[in-house]
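Asker: Shown below is the structure under consideration.
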Amino acid sequence: MASVLLYHVVGDLTVGKPELVEFCDVETVESAIRAIGESTECGIPVWKRSSHVGMIENNEMRQQRFVGILTSLDIISFLAKSQCLEDQDKAMKTQVSDVVVPNNTLLKIVDPGTRLIDALEMMKQGVRRLLVPKSKVWKGMSKRFSILYNGKWLKNIDNCSGNNLIANANRPSSSSAAAYMRDKFCCLSREDMIRFLIGCLGALAPLPLSSISSLGAVNLSYSSIEASLPAVEATQKHPGDPTAVAVVEITQDGRHKILGEISASKLWKCDYLAAAWALANLSAGQFVMGAEDNVSSRLLPDFSVNSTVEDNKVANGGGSARARKFSSRSIGFNPVSPSFGMGKTMYRGRSAPLTCKTSSSLAAVMAQMLSHRANHVWVTEDDNDDVLVGMVGYADILVAVTKQPAAFIPSTRSIMELASEIQS
């Protein structure tokens with residue numbers, strides 16, 4: 001176990017983090033789209049409105065108000081329903097409570113003095129957000145040696161089992177409860193954890209140099225859909241974590257050749273109305289490759305969609321909404337040649353999935369995910385970039401970095417080789 005995970009606390013990661021602004025479940029889908037565009041991990045925590053006005057909330061009361069995390073894929077799946085496509089204005093004004101999938105376990109409230117290793121254990125068990133009280137006295141100083149001066153923390157070393165993990169996380173630090181700013185919190189995501197860990201690669205050695213396959217970080221249980229099937233069937237796959245479905249072609253020998261993906265991260269900052277129409281009307285292959293004017297016109301019925309959500313508001317300002325024909329550029333995909341299904345090479349551009357190889361190092365995959373703001377990477381065979389093996393998500397990386405040294409076969413690659421791989 002790397003000492004950096006034992007000596008650092010979550011308060012070290014909250015420096016500079018903005019104060020949480022709760023997004024209530026009575027807000028509209030239109031408001032949620034704007035909020036998601038400014039979020040991390042392509043989703044926003046959704047809360048019930050507080051019924052105790054003027055009353056100081058304890059952690060348990062606040063935890064009970066948490067509903068779940070709303071992602072871009074949740075919204076597009078909702079907007080792709082037939083009744084929503086028939087009346088888009090009404091759909092955009094729908095309350096978020098009708099769209100978000102309730103899951104109260106995705107967020108936990110923790111003390112700033114919670115050890116980083118305890119926070120990682122919670123995230124390994126399915127927690128995606130940590131809500132941390134903002135402290136008036138917290139200066140962001142690394143509490144590397146605090147574990148030696150605080151008897152309660154010292155006991156955590158021997159008692160960090162899963163049964164008392166939450167108790168350790170909620171145990172007060174040396175800062176008194178009165179030092180916290182009333183009702184002021186900041187939110188930490190798994191992306192924040194990965195960003196912190198990639199700055200501590202030396203302390204995690206030899207893990208960063210090891211391949212993801214040797215660490216057991218490749219998740220073989222991924223969701224996929226054949227390219228010829230309707231794209232809307234991807235929403236019926238109910239992908240867990242991460243929310244991503246691979247679009248594949250099945251080769252003669254039964255292997256999966258990845259063409260693209262339908263995921264929350266790919267649809268993070270797209271035109272939601274255009275993407276919803278495409279999801280409801282195109283095949284999975286056409287959806288991820290893009291459907292342009294050079295594709296048969298039979299695929300694109302006479303349909304108009306506003307270019308952005310804000311265009312819906314133009315009428316209120318005295319103007320007229322700007323309508324245009326559906327284009328895959330509106331979803332965020334670049335045009336392709338009309339060769340889908342003909343076995344020819346296709347230019348996919350931004351729709352190309354983010355991939356790595358089974359031999360890729362853990363550090364390279366972490367850097368790849370952070371640079372693309374993605375919460376997963378698809379893993380392909382070493383000798384074939386298109387044949388899908390599995391995927392690596394945030395949870396898989398957190399499991400890998402907390403492995404004991406004897407639990408994997410260390411890599412013999414040098415630092416220079418690792419640096420070259422990350423740059424490429």
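To be explicit about the labels: the chains of the structure tokens are called A, B, and onward in the order shown, and within each one the residues are counted from 1, while ligands get numbers from 1 in the order they are shown.
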Determine, counting only C-alpha atoms, which protein, DNA and RNA residues have an atom within 12 Å of an atom of Gly199 in chain A; residues of the same chain fewer than 4 positions away are not included. Present the result as a PyMOL selection string.
Answerer: chain A and resi 4+13+192-195+203-204+208+363+366-367+370
Asker: Among range 57-114 of chain A, which ones does DSSP assign to alpha helix (DSSP H) (computed from the backbone)? Answer as a list in words.
Answerer: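 After running DSSP on the backbone, range 57-114 of chain A has alpha helix (DSSP H) at Asn59, Glu60, Met61, Arg62, Gln63, Gln64, Arg65, Ser72, Leu73, Asp74, Ile75, Ile76, Ser77, Phe78, Leu79, Ser82, Gln83, Cys84, Leu85, Glu86, Gln88, Asp89, Lys90, Ala91 and Met92 of chain A.
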Asker: So how many Å separate CA of Arg255 in chain A and CA of Ser359 in chain A, to one decimal?
Answerer: 19.0 Å
Asker: Could you tell me which of A:Ala244, A:Cys200, A:Trp268, A:Tyr222 comes closest to Glu38 in chain A if we count only C-alpha atoms?
Answerer: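 Closest candidate: A:Trp268.
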Asker: Give the strand (DSSP E or B) residues of range 233-273 of chain A, as assigned by DSSP on the backbone, as JSON, numbers by chain.
Answerer: {"A": [244, 245, 246, 247, 248, 249, 250, 256, 257, 258, 259, 260, 261, 262, 263]}
Asker: Suppose we keep C-alpha atoms; can you now write the selection as a PDB file, in the first residue's frame?
Answerer:
```
ATOM      1  CA  ALA A 244     -21.151   3.283 -22.207  1.00  0.00           C
ATOM      2  CA  VAL A 245     -22.175   0.790 -24.883  1.00  0.00           C
ATOM      3  CA  ALA A 246     -19.698  -0.307 -27.555  1.00  0.00           C
ATOM      4  CA  VAL A 247     -20.997  -0.406 -31.128  1.00  0.00           C
ATOM      5  CA  VAL A 248     -19.419  -3.438 -32.775  1.00  0.00           C
ATOM      6  CA  GLU A 249     -19.331  -5.567 -35.892  1.00  0.00           C
ATOM      7  CA  ILE A 250     -19.063  -9.291 -35.265  1.00  0.00           C
ATOM      8  CA  HIS A 256     -16.029  -7.900 -31.710  1.00  0.00           C
ATOM      9  CA  LYS A 257     -14.663  -5.174 -33.969  1.00  0.00           C
ATOM     10  CA  ILE A 258     -15.335  -1.821 -32.327  1.00  0.00           C
ATOM     11  CA  LEU A 259     -16.709   0.978 -34.515  1.00  0.00           C
ATOM     12  CA  GLY A 260     -17.688   3.513 -31.903  1.00  0.00           C
ATOM     13  CA  GLU A 261     -19.664   3.947 -28.716  1.00  0.00           C
ATOM     14  CA  ILE A 262     -22.911   5.339 -27.371  1.00  0.00           C
ATOM     15  CA  SER A 263     -22.009   6.811 -24.020  1.00  0.00           C
TER      16      SER A 263
END
```
Asker: What does the distance between CA of Leu279 in chain A and CA of Pro353 in chain A come to in Å, to one decimal place?
Answerer: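 That distance, rounded to one decimal, is 17.4 Å.
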Asker: Excluding Asp241 in chain A and its own-chain neighbours fewer than 4 positions away, which residues fall within 12 Å of it when counting only C-alpha atoms? Please give them as a VMD selection string.
Answerer: chain A and resid 41 69 71 106 123 to 128 190 219 221 to 223 245 263 to 265 375 to 376 391 to 396
Asker: Go through A:Ala217, A:Ala205, A:Val15, A:Val100 one by one, measure the shortest atom-to-atom distance of each to Phe185 in chain A using only C-alpha atoms, and give the residue with the smallest value.
Answerer: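 Smallest separation from Phe185 in chain A among the options: A:Val15.
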Asker: CA of Ile212 in chain A and CA of Gln236 in chain A are how many Å apart?
Answerer: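 Result for CA of Ile212 in chain A versus CA of Gln236 in chain A: 29.4 Å, one decimal.
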Asker: So that I can see what lies close to range 72-87 of chain A, please list as a VMD selection string the residues with an atom at most 10 Å from it, counting only C-alpha atoms and leaving out residues fewer than 5 positions away in the same chain.
Answerer: chain A and resid 29 to 30 32 to 33 36 to 37 41 to 44 92 94 96 98 to 101 232 234 to 236 243 to 244 262 to 281
Asker: Calculated over only C-alpha atoms, which of the candidates A:Ala364, A:Met55, A:Leu354, A:Ala119 has the smallest distance to Asp386 in chain A?
Answerer: A:Leu354
